[in-house]
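Asker: Got a structure for you, input29.tsv, holding TSV, C-alpha atoms.
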chain	number	residue	atom	x	y	z
A	1	ILE	CA	43.13	-77.02	-33.98
A	2	VAL	CA	46.91	-77.17	-33.86
A	3	LEU	CA	48.78	-79.49	-36.21
A	4	ASP	CA	51.33	-81.77	-34.54
A	5	GLU	CA	54.14	-80.09	-36.50
A	6	ASP	CA	53.04	-76.67	-35.19
A	7	ALA	CA	52.67	-77.68	-31.52
A	8	PRO	CA	56.30	-76.76	-30.64
A	9	LEU	CA	55.77	-73.26	-32.09
A	10	VAL	CA	52.56	-72.83	-30.11
A	11	ARG	CA	54.45	-73.77	-26.94
A	12	ILE	CA	57.23	-71.31	-27.83
A	13	GLY	CA	54.64	-68.59	-28.48
A	14	LEU	CA	52.91	-69.21	-25.15
A	15	LYS	CA	56.21	-69.18	-23.27
A	16	ALA	CA	57.33	-66.02	-25.07
A	17	THR	CA	54.05	-64.27	-24.32
A	18	LEU	CA	54.16	-65.22	-20.65
A	19	LEU	CA	57.81	-64.16	-20.42
A	20	GLN	CA	56.98	-60.79	-21.99
A	21	LEU	CA	53.90	-60.25	-19.84
A	22	LEU	CA	55.01	-61.55	-16.46
A	23	GLU	CA	58.79	-61.20	-16.39
A	24	THR	CA	59.78	-58.21	-18.50
A	25	GLY	CA	56.50	-56.31	-18.66
A	26	VAL	CA	57.31	-55.25	-22.23
A	27	MET	CA	54.88	-57.03	-24.50
A	28	HIS	CA	54.26	-57.33	-28.23
A	29	THR	CA	50.53	-56.70	-28.36
A	30	ASP	CA	49.78	-57.66	-31.95
A	31	PRO	CA	50.93	-61.28	-32.38
A	32	HIS	CA	48.92	-62.60	-35.33
A	33	GLY	CA	49.83	-64.74	-38.32
A	34	GLY	CA	51.18	-61.75	-40.26
A	35	ASN	CA	53.49	-60.74	-37.41
A	36	LEU	CA	54.84	-64.19	-36.59
A	37	LEU	CA	57.16	-66.28	-38.74
A	38	ARG	CA	58.40	-69.83	-38.46
A	39	GLY	CA	62.24	-69.98	-38.25
A	40	PRO	CA	65.08	-70.81	-38.35
A	41	ALA	CA	66.03	-67.21	-38.96
A	42	LEU	CA	69.63	-67.76	-40.07
A	43	PRO	CA	71.14	-70.30	-42.43
A	44	ASP	CA	74.14	-72.25	-41.18
A	45	ALA	CA	77.63	-70.97	-42.05
A	46	ASP	CA	78.08	-73.25	-45.07
A	47	ALA	CA	74.86	-72.03	-46.67
A	48	ARG	CA	76.05	-68.40	-46.45
A	49	GLY	CA	79.05	-69.29	-48.57
A	50	SER	CA	81.86	-67.41	-46.84
A	51	GLY	CA	81.74	-69.31	-43.60
A	52	ALA	CA	81.48	-65.94	-41.81
A	53	ARG	CA	79.74	-65.87	-38.49
A	54	LEU	CA	77.51	-63.23	-37.03
A	55	TRP	CA	78.80	-64.13	-33.56
A	56	SER	CA	82.54	-63.87	-33.15
A	57	ARG	CA	83.18	-66.69	-30.66
A	58	LYS	CA	81.15	-69.56	-31.99
A	59	LYS	CA	78.70	-70.59	-34.64
A	60	ALA	CA	75.31	-68.91	-34.34
A	61	PRO	CA	72.86	-71.11	-32.46
A	62	ILE	CA	70.03	-72.36	-34.63
A	63	ALA	CA	67.10	-73.99	-32.90
A	64	ARG	CA	65.00	-76.51	-34.77
A	65	ASN	CA	61.86	-74.54	-33.95
A	66	GLN	CA	62.07	-70.78	-33.92
A	67	LEU	CA	59.30	-68.24	-33.73
A	68	LEU	CA	60.08	-64.77	-35.02
A	69	TYR	CA	58.12	-61.70	-33.98
A	70	LEU	CA	57.74	-58.89	-36.54
A	71	ASP	CA	56.21	-55.40	-36.52
A	72	PHE	CA	56.82	-53.92	-33.10
A	73	GLY	CA	54.44	-51.03	-33.74
A	74	LEU	CA	52.15	-52.10	-30.89
A	75	ILE	CA	54.05	-52.61	-27.65
A	76	ALA	CA	52.68	-52.43	-24.12
A	77	ASP	CA	54.56	-51.65	-20.95
A	78	VAL	CA	52.71	-53.66	-18.30
A	79	PRO	CA	53.23	-52.23	-14.79
A	80	LEU	CA	54.48	-54.57	-12.08
A	81	GLN	CA	51.26	-54.18	-10.05
A	82	VAL	CA	49.26	-55.40	-13.05
A	83	ARG	CA	51.60	-58.36	-13.61
A	84	ASP	CA	51.30	-59.35	-9.95
A	85	GLY	CA	47.53	-58.89	-10.11
A	86	LEU	CA	47.27	-61.19	-13.13
A	87	VAL	CA	49.16	-63.97	-11.36
A	88	CYS	CA	46.87	-63.61	-8.33
A	89	ALA	CA	43.78	-63.49	-10.55
A	90	VAL	CA	44.68	-66.80	-12.20
A	91	MET	CA	45.12	-68.42	-8.78
A	92	TYR	CA	41.81	-67.03	-7.50
A	93	ILE	CA	39.99	-68.04	-10.70
A	94	ILE	CA	41.20	-71.62	-10.30
A	95	GLN	CA	39.98	-71.52	-6.68
A	96	ARG	CA	36.73	-69.83	-7.79
A	97	ARG	CA	37.13	-67.05	-5.25
A	98	TRP	CA	35.18	-64.43	-7.20
A	99	GLY	CA	35.26	-61.80	-4.44
A	100	ARG	CA	39.05	-61.92	-4.50
A	101	VAL	CA	39.10	-61.76	-8.30
A	102	ALA	CA	36.78	-58.74	-8.19
A	103	SER	CA	38.98	-56.96	-5.66
A	104	LEU	CA	42.00	-57.43	-7.96
A	105	PHE	CA	40.41	-55.26	-10.64
A	106	ASN	CA	41.91	-52.30	-8.78
A	107	ARG	CA	45.47	-53.73	-9.03
A	108	LEU	CA	44.75	-54.56	-12.64
A	109	MET	CA	43.82	-50.90	-13.16
A	110	LEU	CA	40.51	-51.86	-14.76
A	111	LEU	CA	37.86	-50.30	-12.52
A	112	PRO	CA	37.22	-46.71	-11.50
A	113	ASP	CA	37.34	-45.88	-7.79
A	114	TRP	CA	33.56	-45.43	-7.49
A	115	VAL	CA	33.02	-49.16	-8.12
A	116	LEU	CA	35.64	-50.22	-5.60
A	117	GLU	CA	34.57	-47.77	-2.90
A	118	ASP	CA	30.84	-48.58	-2.85
A	119	GLN	CA	30.14	-51.89	-1.08
A	120	GLU	CA	26.82	-52.51	-2.83
A	121	THR	CA	28.32	-51.82	-6.27
A	122	MET	CA	31.26	-54.09	-5.46
A	123	ARG	CA	28.84	-56.83	-4.33
A	124	ARG	CA	26.94	-56.54	-7.63
A	125	PHE	CA	30.20	-56.52	-9.60
A	126	THR	CA	31.35	-59.69	-7.82
A	127	ALA	CA	28.03	-61.40	-8.59
A	128	ASP	CA	28.20	-60.27	-12.22
A	129	LEU	CA	31.79	-61.50	-12.43
A	130	GLU	CA	30.71	-64.93	-11.20
A	131	VAL	CA	27.94	-65.06	-13.84
A	132	ALA	CA	30.51	-64.07	-16.50
A	133	ALA	CA	32.90	-66.77	-15.28
A	134	ASP	CA	30.15	-69.39	-15.42
A	135	ALA	CA	29.54	-68.46	-19.06
A	136	ALA	CA	33.21	-68.20	-20.10
A	137	LEU	CA	34.97	-70.91	-18.06
A	138	ASP	CA	34.48	-74.67	-18.13
A	139	PHE	CA	35.85	-76.40	-15.05
A	140	GLY	CA	34.93	-79.81	-16.47
A	141	SER	CA	33.18	-82.71	-14.81
A	142	GLY	CA	33.42	-82.81	-11.07
A	143	ALA	CA	33.68	-79.03	-11.00
A	144	ASP	CA	31.99	-78.94	-7.61
A	145	THR	CA	34.76	-80.90	-5.90
A	146	ALA	CA	37.13	-79.24	-3.46
A	147	GLU	CA	40.15	-79.90	-5.68
A	148	PRO	CA	41.04	-76.81	-7.75
A	149	ARG	CA	41.08	-77.26	-11.53
A	150	VAL	CA	42.36	-75.11	-14.35
A	151	PRO	CA	39.30	-74.27	-16.45
A	152	GLN	CA	38.99	-74.29	-20.21
A	153	LEU	CA	38.31	-70.82	-21.59
A	154	ARG	CA	35.46	-70.17	-24.02
A	155	PHE	CA	37.02	-67.12	-25.63
A	156	ALA	CA	33.94	-65.92	-27.53
A	157	ALA	CA	31.88	-66.14	-24.34
A	158	LEU	CA	34.56	-64.21	-22.44
A	159	LEU	CA	34.47	-61.39	-24.99
A	160	GLU	CA	30.68	-61.33	-24.83
A	161	GLN	CA	30.71	-61.15	-21.04
A	162	LEU	CA	33.35	-58.41	-20.97
A	163	ALA	CA	31.29	-56.42	-23.48
A	164	LEU	CA	28.36	-56.61	-21.06
A	165	LEU	CA	30.37	-55.69	-17.96
A	166	ALA	CA	32.58	-52.95	-19.41
A	167	PRO	CA	29.96	-50.21	-19.86
A	168	ARG	CA	28.09	-51.12	-16.66
A	169	TYR	CA	31.21	-50.67	-14.50
A	170	GLU	CA	33.11	-48.21	-16.73
A	171	PHE	CA	36.15	-50.41	-17.33
A	172	ARG	CA	39.26	-48.41	-18.08
Output the structure of this file as structure tokens.

Answerer:
Amino acid sequence: IVLDEDAPLVRIGLKATLLQLLETGVMHTDPHGGNLLRGPALPDADARGSGARLWSRKKAPIARNQLLYLDFGLIADVPLQVRDGLVCAVMYIIQRRWGRVASLFNRLMLLPDWVLEDQETMRRFTADLEVAADAALDFGSGADTAEPRVPQLRFAALLEQLALLAPRYEFR
């Protein structure tokens, strides 16, 4: 549950995470309550006493809602092929095209070649992926209609399903 006063920070955090993941590929991989602070980070010039500015041309910009990331000890460099694969995966998940999602596991660098190269294993993986999606995703009422919907994610169920699939298909 997100408090109304925290909703802008949640939106900032989501945008920052997507920007890191999809645009730059450099991602803070440990964003938890101890590594995130509510801003503003800098007091205005009058509160500092001297009126000095950290930026030479104009007063430092202070947003009403700022989210500060700390502890950059865990950083990931996400390759472009993985970023592209994630965007495609989201689209295919919304369309419920599980065969396409399964085939993206190569671009996502998650499956060993033996799974991808064997048609029967890939067929089983696709079927297992659909079962996992049924357990972890809620497309809401009218889910059988032709109109694509963004599903709600049951995170605990997703983790459970991944824990079942990972050893069976030797996820990387």

Asker: Using all atoms listed in the file, find the one residue out of A:Phe155, A:Tyr92, A:Phe72, A:Trp98 that sits nearest to Arg123 in chain A.

Answerer: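 Checking each candidate against Arg123 in chain A, we get A:Trp98 as the closest.
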
Asker: Counting only C-alpha atoms, which residue out of A:Asp30, A:Glu170, A:Leu67, A:Gln20 sits closest to Met109 in chain A?

Answerer: A:Glu170

Asker: With a distance cut-off of 10 Å and all atoms listed in the file, select the neighbouring residues of His32 in chain A, excluding the residue or stretch itself and same-chain residues fewer than 5 positions from it, and output the selection as a list of chain:residue names.

Answerer: A:Leu37, A:Tyr69, A:Leu70

Asker: Got a sec: who's within 7 Å of Pro151 in chain A, counting only C-alpha atoms, leaving out chain neighbours fewer than 6 positions off, as a CSV table (one decimal) with C-alpha atoms, in the frame of the given file?

Answerer:
chain,number,residue,atom,x,y,z
A,94,ILE,CA,41.2,-71.6,-10.3
A,137,LEU,CA,35.0,-70.9,-18.1
A,138,ASP,CA,34.5,-74.7,-18.1
A,139,PHE,CA,35.8,-76.4,-15.0

Asker: Could you work out how far CA of Glu23 in chain A lies from CA of Asp71 in chain A, giving the answer in Å with one decimal?

Answerer: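 Separation of CA of Asp71 in chain A and CA of Glu23 in chain A: 21.1 Å.
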
Asker: So what do you get for CA of Val131 in chain A versus CA of Asp84 in chain A, distance-wise?

Answerer: 24.4 Å

Asker: Take the point (30.0, -67.6, -14.5) in the file's coordinates, draw a sphere of radius 12 Å around it, and report as a list in words every protein, DNA or RNA residue with an atom inside or on it, counting all atoms listed in the file.

Answerer: Ile93, Arg96, Arg97, Trp98, Thr126, Ala127, Asp128, Leu129, Glu130, Val131, Ala132, Ala133, Asp134, Ala135, Ala136, Leu137, Asp138, Phe139, Pro151, Leu153, Arg154, Ala157, Leu158, Gln161 and Leu162 of chain A

Asker: Pull C-alpha atoms from the residues just selected and write them as a short mmCIF file (atom, residue, chain, number, x, y, z; two decimals), keeping the file's coordinate frame.

Answerer:
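part22.cif, written as the output of this step:
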data_model
loop_
_atom_site.label_atom_id
_atom_site.label_comp_id
_atom_site.auth_asym_id
_atom_site.auth_seq_id
_atom_site.Cartn_x
_atom_site.Cartn_y
_atom_site.Cartn_z
CA ILE A 93 39.99 -68.04 -10.70
CA ARG A 96 36.73 -69.83 -7.79
CA ARG A 97 37.13 -67.05 -5.25
CA TRP A 98 35.18 -64.43 -7.20
CA THR A 126 31.35 -59.69 -7.82
CA ALA A 127 28.03 -61.40 -8.59
CA ASP A 128 28.20 -60.27 -12.22
CA LEU A 129 31.79 -61.50 -12.43
CA GLU A 130 30.71 -64.93 -11.20
CA VAL A 131 27.94 -65.06 -13.84
CA ALA A 132 30.51 -64.07 -16.50
CA ALA A 133 32.90 -66.77 -15.28
CA ASP A 134 30.15 -69.39 -15.42
CA ALA A 135 29.54 -68.46 -19.06
CA ALA A 136 33.21 -68.20 -20.10
CA LEU A 137 34.97 -70.91 -18.06
CA ASP A 138 34.48 -74.67 -18.13
CA PHE A 139 35.85 -76.40 -15.05
CA PRO A 151 39.30 -74.27 -16.45
CA LEU A 153 38.31 -70.82 -21.59
CA ARG A 154 35.46 -70.17 -24.02
CA ALA A 157 31.88 -66.14 -24.34
CA LEU A 158 34.56 -64.21 -22.44
CA GLN A 161 30.71 -61.15 -21.04
CA LEU A 162 33.35 -58.41 -20.97
#

Asker: In Å, how far is it from CA of Leu22 in chain A to CA of Met91 in chain A?

Answerer: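 Those two atoms sit 14.3 Å apart.
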
Asker: I need the residue nearest Gln95 in chain A from this list: A:Glu147, A:Asp113, A:Asp4, A:Glu160. Use all atoms listed in the file for the distance.

Answerer: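 Closest to Gln95 in chain A of all the choices is A:Glu147.
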
Asker: What lies within 9 Å of range 8-16 of chain A using only C-alpha atoms, ignoring chain neighbours under 5 positions off, as a ChimeraX atom specification?

Answerer: /A:2,21,38,65-67

Asker: Can those selected residues be exported to a file as a PDB file, in the coordinates of the input so that it contains C-alpha atoms?

Answerer:
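Result written to again_7.pdb:
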ATOM      1  CA  VAL A   2      46.910 -77.170 -33.860  1.00  0.00           C
ATOM      2  CA  LEU A  21      53.900 -60.250 -19.840  1.00  0.00           C
ATOM      3  CA  ARG A  38      58.400 -69.830 -38.460  1.00  0.00           C
ATOM      4  CA  ASN A  65      61.860 -74.540 -33.950  1.00  0.00           C
ATOM      5  CA  GLN A  66      62.070 -70.780 -33.920  1.00  0.00           C
ATOM      6  CA  LEU A  67      59.300 -68.240 -33.730  1.00  0.00           C
TER       7      LEU A  67
END

Asker: From the options A:Val150, A:Met27, A:Val101, A:Leu110, which residue's atoms come nearest to Asp77 in chain A, counting all atoms listed in the file?

Answerer: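 Ranked by minimum distance to Asp77 in chain A, first place goes to A:Met27.
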
Asker: Work out where the centre of an axis-aligned box around every listed atom of range 3-22 of chain A lies and how long its edges are once 4 Å is added on each side; give both in Å to one decimal as lines of an AutoDock Vina configuration file.

Answerer:
center_x = 53.3
center_y = -71.0
center_z = -26.5
size_x = 17.0
size_y = 29.5
size_z = 28.0

Asker: Please provide as a ChimeraX atom specification all residues within 8 Å of Arg107 in chain A, with the sequence filter that same-chain residues fewer than 5 positions apart are discarded (counting all atoms listed in the file).

Answerer: /A:81-82,85

Asker: Which of these residues is nearest to Pro31 in chain A, using all atoms listed in the file: A:Leu19, A:Asp6, A:Val87, A:Ile75?

Answerer: A:Ile75

Asker: So, with only C-alpha atoms as the atoms that count, which of A:Leu111, A:Thr24, A:Ser141, A:Thr121 lies closest to Ala166 in chain A?

Answerer: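 Of A:Leu111, A:Thr24, A:Ser141, A:Thr121, the one nearest Ala166 in chain A, counting only C-alpha atoms, is A:Leu111.
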